[in-house]
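Listing of entry37.txt, compact mmCIF, C-alpha atoms and all ligand atoms
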# COMPACT_ATOMS: atom_id res chain seq x y z
CA MET A 1 -17.22 -6.28 -5.94
CA SER A 2 -20.66 -5.69 -4.51
CA HIS A 3 -21.72 -4.36 -1.17
CA SER A 4 -22.22 -6.94 1.51
CA ASN A 5 -25.38 -7.85 3.38
CA GLN A 6 -27.42 -5.83 0.89
CA ASN A 7 -30.72 -5.71 2.72
CA ASN A 8 -29.29 -5.60 6.24
CA SER A 9 -31.61 -8.57 6.76
CA LYS A 10 -29.51 -9.98 9.59
CA GLY A 11 -28.48 -6.62 11.02
CA ILE A 12 -25.17 -4.85 10.73
CA THR A 13 -22.29 -7.11 9.75
CA VAL A 14 -19.26 -7.19 12.04
CA VAL A 15 -16.00 -8.70 10.82
CA SER A 16 -13.32 -8.91 13.48
CA GLU A 17 -9.57 -8.65 12.91
CA ALA A 18 -9.29 -12.40 13.53
CA VAL A 19 -11.98 -13.22 10.96
CA CYS A 20 -10.39 -10.86 8.40
CA GLN A 21 -7.17 -12.83 8.77
CA GLN A 22 -9.01 -16.12 8.29
CA VAL A 23 -11.09 -15.20 5.26
CA MET A 24 -9.02 -12.66 3.31
CA GLY A 25 -5.95 -13.82 1.47
CA ARG A 26 -3.32 -12.09 -0.63
CA ALA A 27 -4.92 -13.13 -3.92
CA ASP A 28 -8.28 -11.64 -2.88
CA ALA A 29 -6.54 -8.40 -1.85
CA PHE A 30 -4.56 -8.24 -5.11
CA THR A 31 -7.73 -8.58 -7.22
CA ALA A 32 -9.68 -6.06 -5.11
CA VAL A 33 -6.89 -3.47 -5.28
CA GLU A 34 -6.20 -3.99 -8.99
CA ASN A 35 -9.94 -3.60 -9.72
CA VAL A 36 -10.26 -0.43 -7.70
CA PHE A 37 -7.19 1.19 -9.30
CA SER A 38 -8.77 0.35 -12.64
CA ALA A 39 -12.10 1.89 -11.54
CA MET A 40 -10.34 5.05 -10.32
CA ALA A 41 -8.75 5.50 -13.76
CA ARG A 42 -12.13 5.02 -15.43
CA ASP A 43 -13.57 7.68 -13.07
CA THR A 44 -16.18 5.29 -11.71
CA ALA A 45 -14.64 5.31 -8.23
CA TYR A 46 -13.68 8.43 -6.28
CA ASN A 47 -11.63 9.12 -3.18
CA PHE A 48 -12.89 12.00 -1.08
CA PRO A 49 -10.50 14.50 0.53
CA VAL A 50 -8.44 12.93 3.31
CA ILE A 51 -8.58 14.24 6.85
CA ARG A 52 -5.48 13.63 8.96
CA GLU A 53 -4.80 15.53 12.17
CA ALA A 54 -2.34 15.42 15.04
CA ILE A 55 -4.80 15.26 17.93
CA GLY A 56 -2.40 16.60 20.55
CA HIS A 57 -2.76 13.47 22.67
CA ALA A 58 -0.58 10.34 22.81
CA ASP A 59 1.41 11.76 19.84
CA ALA A 60 -1.37 10.31 17.71
CA LEU A 61 -2.21 11.06 14.10
CA TYR A 62 -5.90 10.44 13.47
CA GLY A 63 -7.99 10.71 10.35
CA PHE A 64 -10.50 9.50 7.77
CA LYS A 65 -10.09 8.15 4.28
CA SER A 66 -13.33 7.72 2.37
CA GLY A 67 -14.71 7.22 -1.09
CA PHE A 68 -17.35 5.69 -3.33
CA ASP A 69 -17.09 3.04 -6.02
CA ARG A 70 -20.33 3.51 -7.96
CA VAL A 71 -19.94 0.39 -10.08
CA GLY A 72 -18.80 -1.86 -7.26
CA MET A 73 -21.40 -0.06 -5.06
CA VAL A 74 -19.02 0.33 -2.15
CA LEU A 75 -19.40 3.45 0.03
CA GLY A 76 -17.68 4.06 3.32
CA LEU A 77 -14.64 5.21 5.19
CA LYS A 78 -11.63 4.01 7.09
CA SER A 79 -11.03 5.79 10.33
CA GLY A 80 -7.99 5.46 12.49
CA GLY A 81 -4.38 6.49 12.47
CA TYR A 82 -1.01 6.08 14.09
CA TRP A 83 -0.41 5.76 17.85
CA PRO A 84 3.38 5.46 18.30
CA GLY A 85 3.11 4.41 21.98
CA ASN A 86 1.03 1.33 21.18
CA ILE A 87 4.02 -0.96 20.76
CA ASP A 88 4.70 -0.62 24.51
CA LYS A 89 1.10 -1.70 25.17
CA GLY A 90 1.43 -4.80 22.99
CA LEU A 91 -0.76 -3.25 20.28
CA THR A 92 0.05 -2.40 16.69
CA ASN A 93 0.77 1.31 16.24
CA HIS A 94 -1.57 1.64 13.23
CA GLN A 95 -5.19 1.30 14.36
CA SER A 96 -8.12 1.43 11.99
CA THR A 97 -11.69 0.34 11.39
CA VAL A 98 -13.60 0.34 8.12
CA ILE A 99 -17.26 1.41 8.11
CA LEU A 100 -19.36 0.48 5.06
CA PHE A 101 -22.71 2.09 4.22
CA ASP A 102 -25.52 1.07 1.89
CA PRO A 103 -25.08 3.42 -1.11
CA ASP A 104 -28.84 3.31 -1.78
CA THR A 105 -29.98 4.35 1.69
CA GLY A 106 -26.97 5.53 3.69
CA LYS A 107 -27.71 2.86 6.32
CA LEU A 108 -24.76 1.36 8.15
CA ASN A 109 -23.93 -1.99 6.54
CA ALA A 110 -20.75 -3.28 8.12
CA LEU A 111 -17.94 -2.68 10.61
CA VAL A 112 -14.73 -4.35 9.56
CA GLY A 113 -11.42 -4.49 11.45
CA GLY A 114 -8.91 -2.47 9.41
CA ASN A 115 -5.48 -3.32 10.79
CA TYR A 116 -4.73 -6.56 8.95
CA LEU A 117 -6.61 -5.28 5.89
CA THR A 118 -4.45 -2.13 5.77
CA ALA A 119 -1.34 -4.28 5.68
CA ILE A 120 -2.58 -6.61 2.95
CA ARG A 121 -4.07 -3.83 0.81
CA THR A 122 -0.78 -1.88 1.02
CA ALA A 123 1.16 -5.01 0.11
CA ALA A 124 -1.30 -5.68 -2.72
CA SER A 125 -0.66 -2.17 -4.04
CA SER A 126 3.09 -2.66 -4.48
CA ALA A 127 2.41 -6.20 -5.77
CA VAL A 128 0.08 -4.79 -8.46
CA SER A 129 2.84 -2.34 -9.41
CA ILE A 130 5.39 -5.16 -9.66
CA ALA A 131 2.99 -7.29 -11.70
CA HIS A 132 2.45 -4.49 -14.22
CA LEU A 133 5.79 -2.67 -14.24
CA ALA A 134 8.74 -4.84 -13.18
CA ARG A 135 10.87 -6.63 -15.74
CA GLN A 136 9.67 -10.20 -16.30
CA ASP A 137 13.19 -11.50 -15.58
CA ALA A 138 13.54 -9.65 -12.23
CA ASN A 139 15.14 -12.06 -9.78
CA VAL A 140 16.54 -10.08 -6.85
CA LEU A 141 14.14 -8.30 -4.50
CA GLY A 142 15.43 -5.46 -2.30
CA MET A 143 13.58 -4.50 0.88
CA VAL A 144 14.25 -1.12 2.54
CA GLY A 145 12.52 -1.19 5.93
CA ALA A 146 11.73 -4.07 8.25
CA GLY A 147 8.81 -2.82 10.34
CA HIS A 148 5.25 -4.11 10.64
CA GLN A 149 4.24 -3.56 6.99
CA SER A 150 7.42 -4.97 5.51
CA THR A 151 6.60 -8.62 6.13
CA PHE A 152 3.30 -8.28 4.24
CA GLN A 153 5.10 -6.42 1.46
CA LEU A 154 7.68 -9.18 1.15
CA ARG A 155 5.14 -12.03 1.00
CA ALA A 156 3.04 -10.29 -1.68
CA ALA A 157 6.04 -9.19 -3.76
CA VAL A 158 7.68 -12.63 -4.01
CA GLU A 159 4.51 -13.99 -5.63
CA GLN A 160 4.86 -11.60 -8.60
CA ARG A 161 8.18 -12.70 -10.12
CA ASN A 162 10.50 -15.67 -9.91
CA PHE A 163 12.75 -14.09 -7.25
CA LYS A 164 15.90 -16.05 -6.41
CA LYS A 165 17.18 -13.85 -3.58
CA VAL A 166 16.16 -11.10 -1.15
CA VAL A 167 18.52 -8.34 -0.04
CA ALA A 168 17.48 -5.97 2.73
CA TRP A 169 18.45 -2.92 4.74
CA ASN A 170 16.88 -1.46 7.87
CA LYS A 171 17.88 1.45 10.07
CA GLU A 172 17.87 -0.88 13.08
CA PRO A 173 19.60 -3.99 11.63
CA GLU A 174 18.27 -6.28 14.37
CA LYS A 175 14.74 -5.91 12.94
CA LEU A 176 15.85 -7.60 9.72
CA THR A 177 15.12 -10.96 11.34
CA ASN A 178 11.42 -10.10 10.64
CA LEU A 179 12.23 -10.55 6.95
CA ALA A 180 14.90 -13.24 7.29
CA VAL A 181 12.50 -15.71 8.94
CA ILE A 182 10.00 -15.35 6.08
CA CYS A 183 12.73 -15.92 3.50
CA GLU A 184 13.83 -19.01 5.39
CA GLU A 185 10.24 -20.27 5.41
CA LEU A 186 9.99 -19.62 1.65
CA GLY A 187 13.41 -21.13 0.90
CA LEU A 188 14.77 -17.83 -0.44
CA PRO A 189 18.38 -16.79 0.23
CA PHE A 190 18.45 -13.62 2.36
CA GLU A 191 21.26 -11.10 2.81
CA SER A 192 21.56 -7.99 4.96
CA VAL A 193 23.38 -5.35 2.88
CA SER A 194 24.15 -1.63 2.72
CA ARG A 195 21.66 0.59 0.88
CA GLU A 196 24.08 1.08 -2.01
CA ALA A 197 24.75 -2.66 -2.35
CA LEU A 198 21.01 -3.30 -2.23
CA CYS A 199 20.43 -0.97 -5.19
CA ALA A 200 23.33 -2.54 -7.11
CA GLN A 201 21.77 -6.01 -6.82
CA ALA A 202 18.01 -5.56 -6.71
CA ASP A 203 15.80 -5.62 -9.81
CA VAL A 204 12.77 -4.71 -7.71
CA ILE A 205 13.00 -2.50 -4.61
CA ILE A 206 10.29 -1.82 -2.05
CA THR A 207 10.76 1.08 0.39
CA ILE A 208 8.48 0.83 3.43
CA THR A 209 9.85 3.12 6.12
CA SER A 210 8.79 6.19 8.10
CA ALA A 211 11.80 8.20 6.90
CA PHE A 212 11.75 11.97 6.45
CA GLU A 213 14.85 12.10 4.27
CA ALA A 214 16.02 10.33 1.12
CA LEU A 215 17.49 6.92 1.93
CA ILE A 216 18.34 6.09 -1.68
CA ASP A 217 20.55 8.15 -3.97
CA GLN A 218 19.42 8.25 -7.58
CA SER A 219 22.91 7.31 -8.81
CA TRP A 220 22.72 3.96 -6.95
CA ILE A 221 19.72 2.73 -8.97
CA LYS A 222 20.63 0.55 -11.95
CA PRO A 223 18.76 0.71 -15.29
CA GLY A 224 15.73 -1.57 -15.47
CA THR A 225 14.90 -1.37 -11.77
CA HIS A 226 11.33 -1.16 -10.56
CA ILE A 227 11.00 0.66 -7.25
CA ALA A 228 7.80 0.81 -5.21
CA CYS A 229 7.91 3.66 -2.67
CA MET A 230 5.31 2.68 -0.10
CA GLY A 231 6.26 4.46 3.12
CA THR A 232 5.65 8.09 2.16
CA ASP A 233 2.02 8.89 2.93
CA THR A 234 2.32 12.24 4.73
CA LYS A 235 3.63 15.71 3.94
CA GLY A 236 7.35 15.87 4.73
CA LYS A 237 8.09 12.13 4.52
CA GLN A 238 10.61 11.00 1.91
CA GLU A 239 12.36 7.74 1.02
CA VAL A 240 14.23 8.36 -2.24
CA ASP A 241 16.26 11.13 -3.89
CA ALA A 242 13.83 13.49 -5.65
CA HIS A 243 16.09 13.39 -8.74
CA LEU A 244 15.25 9.69 -9.12
CA LEU A 245 11.70 10.69 -10.05
CA ALA A 246 13.07 12.83 -12.89
CA ARG A 247 15.12 9.86 -14.14
CA ALA A 248 12.33 7.28 -13.82
CA ARG A 249 8.89 6.85 -15.35
CA VAL A 250 6.64 7.59 -12.39
CA PHE A 251 3.35 5.83 -11.65
CA THR A 252 0.98 6.24 -8.75
CA ASP A 253 -2.24 5.04 -7.18
CA GLU A 254 -3.67 8.59 -7.08
CA LEU A 255 -2.28 11.79 -8.59
CA THR A 256 -3.53 14.22 -5.94
CA GLN A 257 -2.04 12.22 -3.10
CA SER A 258 1.16 11.54 -5.01
CA THR A 259 1.92 15.22 -5.52
CA THR A 260 0.89 16.36 -2.01
CA ILE A 261 1.61 13.57 0.48
CA GLY A 262 3.39 10.94 -1.61
CA GLU A 263 6.98 10.46 -2.71
CA ALA A 264 6.44 12.82 -5.68
CA GLN A 265 5.75 15.80 -3.38
CA HIS A 266 9.48 16.64 -3.28
CA ALA A 267 10.17 16.32 -7.02
CA ILE A 268 7.08 18.46 -7.69
CA ALA A 269 8.13 21.09 -5.11
CA GLU A 270 11.64 21.22 -6.58
CA GLU A 271 10.12 21.44 -10.10
CA LEU A 272 12.02 18.33 -11.23
CA ILE A 273 8.81 16.82 -12.63
CA ASN A 274 5.26 17.99 -13.41
CA GLU A 275 2.01 16.34 -12.41
CA ALA A 276 1.54 15.47 -16.11
CA ASP A 277 4.64 13.24 -15.87
CA ILE A 278 2.93 10.93 -13.35
CA ILE A 279 0.82 8.07 -14.67
CA PRO A 280 -2.06 6.56 -12.67
CA ILE A 281 -1.42 2.83 -12.50
CA GLY A 282 -5.09 2.26 -13.28
CA ASP A 283 -4.39 3.56 -16.80
CA VAL A 284 -1.73 0.86 -17.21
CA ILE A 285 -4.11 -1.79 -15.84
CA ASN A 286 -6.81 -0.58 -18.27
CA GLY A 287 -4.36 -0.56 -21.19
CA THR A 288 -4.94 3.15 -21.90
CA LYS A 289 -1.33 4.14 -21.05
CA ALA A 290 1.89 2.20 -21.50
CA GLY A 291 3.61 0.63 -18.51
CA ARG A 292 7.30 -0.31 -18.85
CA THR A 293 8.47 0.49 -22.37
CA SER A 294 12.03 -0.92 -22.28
CA ASP A 295 14.22 -3.25 -20.24
CA ASP A 296 16.48 -0.33 -19.29
CA GLU A 297 13.78 1.98 -18.05
CA ILE A 298 13.51 2.70 -14.34
CA THR A 299 9.90 2.53 -13.18
CA LEU A 300 8.87 4.09 -9.87
CA PHE A 301 5.52 3.48 -8.20
CA ASP A 302 4.42 6.08 -5.65
CA GLY A 303 2.00 4.08 -3.50
CA THR A 304 0.34 6.61 -1.24
CA GLY A 305 -2.54 4.47 0.00
CA VAL A 306 -6.09 5.50 -0.89
CA GLY A 307 -9.36 5.02 0.99
CA LEU A 308 -10.91 3.09 -1.89
CA GLN A 309 -8.32 0.35 -1.39
CA ASP A 310 -9.51 -0.02 2.20
CA LEU A 311 -13.16 -0.05 1.20
CA ALA A 312 -12.50 -2.58 -1.56
CA VAL A 313 -10.75 -5.11 0.67
CA ALA A 314 -13.22 -4.55 3.54
CA SER A 315 -16.15 -5.14 1.23
CA VAL A 316 -14.64 -8.41 -0.01
CA ALA A 317 -13.76 -9.46 3.57
CA ALA A 318 -17.38 -8.82 4.66
CA GLU A 319 -18.73 -10.86 1.74
CA LEU A 320 -16.34 -13.73 2.43
CA ALA A 321 -17.05 -13.68 6.17
CA GLU A 322 -20.80 -13.76 5.50
CA ALA A 323 -20.48 -16.54 2.91
CA LYS A 324 -18.34 -18.62 5.28
CA GLY A 325 -20.65 -18.04 8.26
CA GLN A 326 -17.93 -16.20 10.17
CA ALA A 327 -19.52 -12.73 10.37
CA SER A 328 -21.35 -11.49 13.48
CA TYR A 329 -24.41 -9.26 13.36
CA PHE A 330 -26.02 -6.61 15.53
CA ASN A 331 -28.78 -4.01 15.28
CA LEU A 332 -28.49 -0.34 16.22
P1 LIG B 401 6.83 0.54 11.73
O1 LIG B 401 6.84 1.60 12.75
O2 LIG B 401 6.49 -0.85 12.12
O3 LIG B 401 8.24 0.49 11.00
C1 LIG B 401 8.87 1.67 10.58
C2 LIG B 401 10.01 1.35 9.66
O4 LIG B 401 10.58 2.59 9.22
C3 LIG B 401 11.13 0.57 10.32
O5 LIG B 401 11.72 -0.28 9.37
C4 LIG B 401 12.11 1.67 10.73
O6 LIG B 401 13.44 1.22 10.83
C5 LIG B 401 11.97 2.60 9.56
N1 LIG B 401 12.37 3.98 9.84
C6 LIG B 401 11.79 4.84 10.71
N2 LIG B 401 12.43 6.03 10.67
C7 LIG B 401 13.42 5.91 9.77
C8 LIG B 401 14.41 6.78 9.28
N3 LIG B 401 14.50 8.03 9.70
N4 LIG B 401 15.28 6.31 8.35
C9 LIG B 401 15.17 5.04 7.89
N5 LIG B 401 14.24 4.18 8.30
C10 LIG B 401 13.37 4.60 9.22
O7 LIG B 401 5.85 1.08 10.59
P2 LIG B 401 5.09 0.23 9.49
O8 LIG B 401 3.74 -0.12 9.98
O9 LIG B 401 5.96 -0.82 8.95
O10 LIG B 401 4.88 1.37 8.38
C11 LIG B 401 5.99 1.86 7.64
C12 LIG B 401 5.56 3.10 6.91
O11 LIG B 401 4.57 2.80 5.93
C13 LIG B 401 4.93 4.17 7.80
O12 LIG B 401 5.56 5.40 7.53
C14 LIG B 401 3.49 4.19 7.40
O13 LIG B 401 2.89 5.46 7.55
C15 LIG B 401 3.56 3.78 5.95
N6 LIG B 401 2.35 3.17 5.43
C16 LIG B 401 2.01 3.45 4.15
C17 LIG B 401 0.87 2.89 3.61
C18 LIG B 401 0.51 3.16 2.19
O14 LIG B 401 -0.59 2.79 1.76
N7 LIG B 401 1.36 3.75 1.40
C19 LIG B 401 0.07 2.03 4.38
C20 LIG B 401 0.48 1.73 5.67
C21 LIG B 401 1.63 2.29 6.19
Show me this structure written as structure tokens.
Amino acid sequence: MSHSNQNNSKGITVVSEAVCQQVMGRADAFTAVENVFSAMARDTAYNFPVIREAIGHADALYGFKSGFDRVGMVLGLKSGGYWPGNIDKGLTNHQSTVILFDPDTGKLNALVGGNYLTAIRTAASSAVSIAHLARQDANVLGMVGAGHQSTFQLRAAVEQRNFKKVVAWNKEPEKLTNLAVICEELGLPFESVSREALCAQADVIITITSAFEALIDQSWIKPGTHIACMGTDTKGKQEVDAHLLARARVFTDELTQSTTIGEAQHAIAEELINEADIIPIGDVINGTKAGRTSDDEITLFDGTGVGLQDLAVASVAAELAEAKGQASYFNL
């Protein structure tokens, strides 16, 4: 990673949503996210406190996620949030833009569309967790949730293990076609199942919902499962039984977020686990802490979504867009 357009020689780089989709693939996102998790564990990259506010208009949640990677030399923020009414306007309900600054001067370097990048960096996060924590012989993938993010999650996850089948559950079953069409395209058998049946079959489970109550009972999860909880990114949200975190080895992208806005917030509040029980996945990537230690162990990844992930993928997208002649430029 290095910051794009280092001397601002052409002006400020602009990378549109469409260009992000053209230049930035899943492999690039995986590498960028794995590298930044590693840097966070080495304390060379820092996330700054998150701001997230209900603005009292359009039911919107708006905020900033920012940070600095002092080895990758990436400084900036992602600003945006969640506008639930956007679907009716033909827009995605998550809206965001990444702003990158020159760490040497503070000058604005780049504006990068953040919607597609949010989806692929979130999918890369669970994919990194699967790569490092799931059993090598995992062959059934379970998807809980079938909204906008889920399709990106599915595509990234199936690249990590030799999955033979996908089982899925969604609150509104009709949305499961979002996932079924991808499985058809990939030649993977797909089955709509109950939540309990999903847990009985799946070796790897991804939860990617906006639920505020546990959807998965701890007793349903079989030994050896890897579960990536990706939907819980706000105080009060919850996807799995808090007791599952006491039964599993728990990993996260970032401890502070995990215990306050992530899936672990409930197990911590109920004193089922301590912060010391949660392992930053960067430590596993760096080889300083063990990942999965047995085939029977349940591993749980609490993927809360950190600003540095956004900055990492935006920085790579800007570099790729510039290298491929697809960036635009302007001067303030
Ligand atoms: P979406 O609105 O497109 O889909 C929402 C999904 O949640 C649907 O599958 C819906 O059926 C399900 N759902 C909603 N309420 C539910 C309930 N009470 N019980 C069960 N299922 C319920 O949203 P999306 O863009 O797919 O995002 C899904 C979630 O992921 C959101 O909560 C979002 O905040 C979160 N998210 C997390 C990260 C991260 O980095 N961890 C990044 C982006 C989005």
Pick out the closest residue to ligand LIG 401 (chain B) from this set: A:Ala60, A:Leu272, A:Ala211, A:Ile281. Count all atoms listed in the file. A:Ala211
Can I get the residues close to ligand LIG 401 (chain B) as a VMD selection string, where close means within 9 Å and we count only C-alpha atoms and all ligand atoms? chain A and resid 81 to 82 84 87 92 to 94 118 to 119 121 to 123 125 to 126 144 to 151 169 to 173 175 to 176 207 to 215 229 to 234 237 239 262 302 to 306 309
What does the file look like for those residues with C-alpha atoms, as a tab-separated table (two decimals), in the frame of the given file?
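Result went into result-v8.tsv, see below:
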chain	number	residue	atom	x	y	z
A	81	GLY	CA	-4.38	6.49	12.47
A	82	TYR	CA	-1.01	6.08	14.09
A	84	PRO	CA	3.38	5.46	18.30
A	87	ILE	CA	4.02	-0.96	20.76
A	92	THR	CA	0.05	-2.40	16.69
A	93	ASN	CA	0.77	1.31	16.24
A	94	HIS	CA	-1.57	1.64	13.23
A	118	THR	CA	-4.45	-2.13	5.77
A	119	ALA	CA	-1.34	-4.28	5.68
A	121	ARG	CA	-4.07	-3.83	0.81
A	122	THR	CA	-0.78	-1.88	1.02
A	123	ALA	CA	1.16	-5.01	0.11
A	125	SER	CA	-0.66	-2.17	-4.04
A	126	SER	CA	3.09	-2.66	-4.48
A	144	VAL	CA	14.25	-1.12	2.54
A	145	GLY	CA	12.52	-1.19	5.93
A	146	ALA	CA	11.73	-4.07	8.25
A	147	GLY	CA	8.81	-2.82	10.34
A	148	HIS	CA	5.25	-4.11	10.64
A	149	GLN	CA	4.24	-3.56	6.99
A	150	SER	CA	7.42	-4.97	5.51
A	151	THR	CA	6.60	-8.62	6.13
A	169	TRP	CA	18.45	-2.92	4.74
A	170	ASN	CA	16.88	-1.46	7.87
A	171	LYS	CA	17.88	1.45	10.07
A	172	GLU	CA	17.87	-0.88	13.08
A	173	PRO	CA	19.60	-3.99	11.63
A	175	LYS	CA	14.74	-5.91	12.94
A	176	LEU	CA	15.85	-7.60	9.72
A	207	THR	CA	10.76	1.08	0.39
A	208	ILE	CA	8.48	0.83	3.43
A	209	THR	CA	9.85	3.12	6.12
A	210	SER	CA	8.79	6.19	8.10
A	211	ALA	CA	11.80	8.20	6.90
A	212	PHE	CA	11.75	11.97	6.45
A	213	GLU	CA	14.85	12.10	4.27
A	214	ALA	CA	16.02	10.33	1.12
A	215	LEU	CA	17.49	6.92	1.93
A	229	CYS	CA	7.91	3.66	-2.67
A	230	MET	CA	5.31	2.68	-0.10
A	231	GLY	CA	6.26	4.46	3.12
A	232	THR	CA	5.65	8.09	2.16
A	233	ASP	CA	2.02	8.89	2.93
A	234	THR	CA	2.32	12.24	4.73
A	237	LYS	CA	8.09	12.13	4.52
A	239	GLU	CA	12.36	7.74	1.02
A	262	GLY	CA	3.39	10.94	-1.61
A	302	ASP	CA	4.42	6.08	-5.65
A	303	GLY	CA	2.00	4.08	-3.50
A	304	THR	CA	0.34	6.61	-1.24
A	305	GLY	CA	-2.54	4.47	0.00
A	306	VAL	CA	-6.09	5.50	-0.89
A	309	GLN	CA	-8.32	0.35	-1.39
Between CA of Phe251 (chain A) and CA of Pro280 (chain A), distance in Å (one decimal):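 Here the two named atoms are 5.6 Å from each other.
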Can you work out the spacing between CA of Gln153 (chain A) and CA of Leu141 (chain A) in Å, to one decimal? 11.0 Å
Protein and nucleic acid residues near (14.8, -5.0, -16.1) (cut-off 12 Å, all atoms listed in the file) as JSON, numbers by chain: {"A": [130, 133, 134, 135, 136, 137, 138, 139, 140, 161, 201, 202, 203, 204, 205, 221, 222, 223, 224, 225, 226, 227, 292, 293, 294, 295, 296, 297, 298, 299]}
Which residue of A:Glu319, A:Asp102, A:Asp59, A:Asp283 approaches Asp43 (chain A) most closely, using all atoms listed in the file: A:Asp283
Pick from A:Thr256, A:Gln22, A:Asn274, A:Gln326: nearest to Tyr46 (chain A), with only C-alpha atoms counted?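 Residue with the minimum atom-to-atom distance to Tyr46 (chain A): A:Thr256.
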I'd like the neighbourhood of Ala41 (chain A) as a ChimeraX atom specification, where a residue qualifies if any of its atoms comes within 12 Å (using only C-alpha atoms), though same-chain residues fewer than 5 positions away should be ignored. /A:34-36,46-47,69,252-255,279-289
Report the distance between CA of Ala124 (chain A) and CA of Ala27 (chain A) in Å, rounded to one decimal place.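 Atom-to-atom, CA of Ala124 (chain A) and CA of Ala27 (chain A) are spaced 8.4 Å apart.
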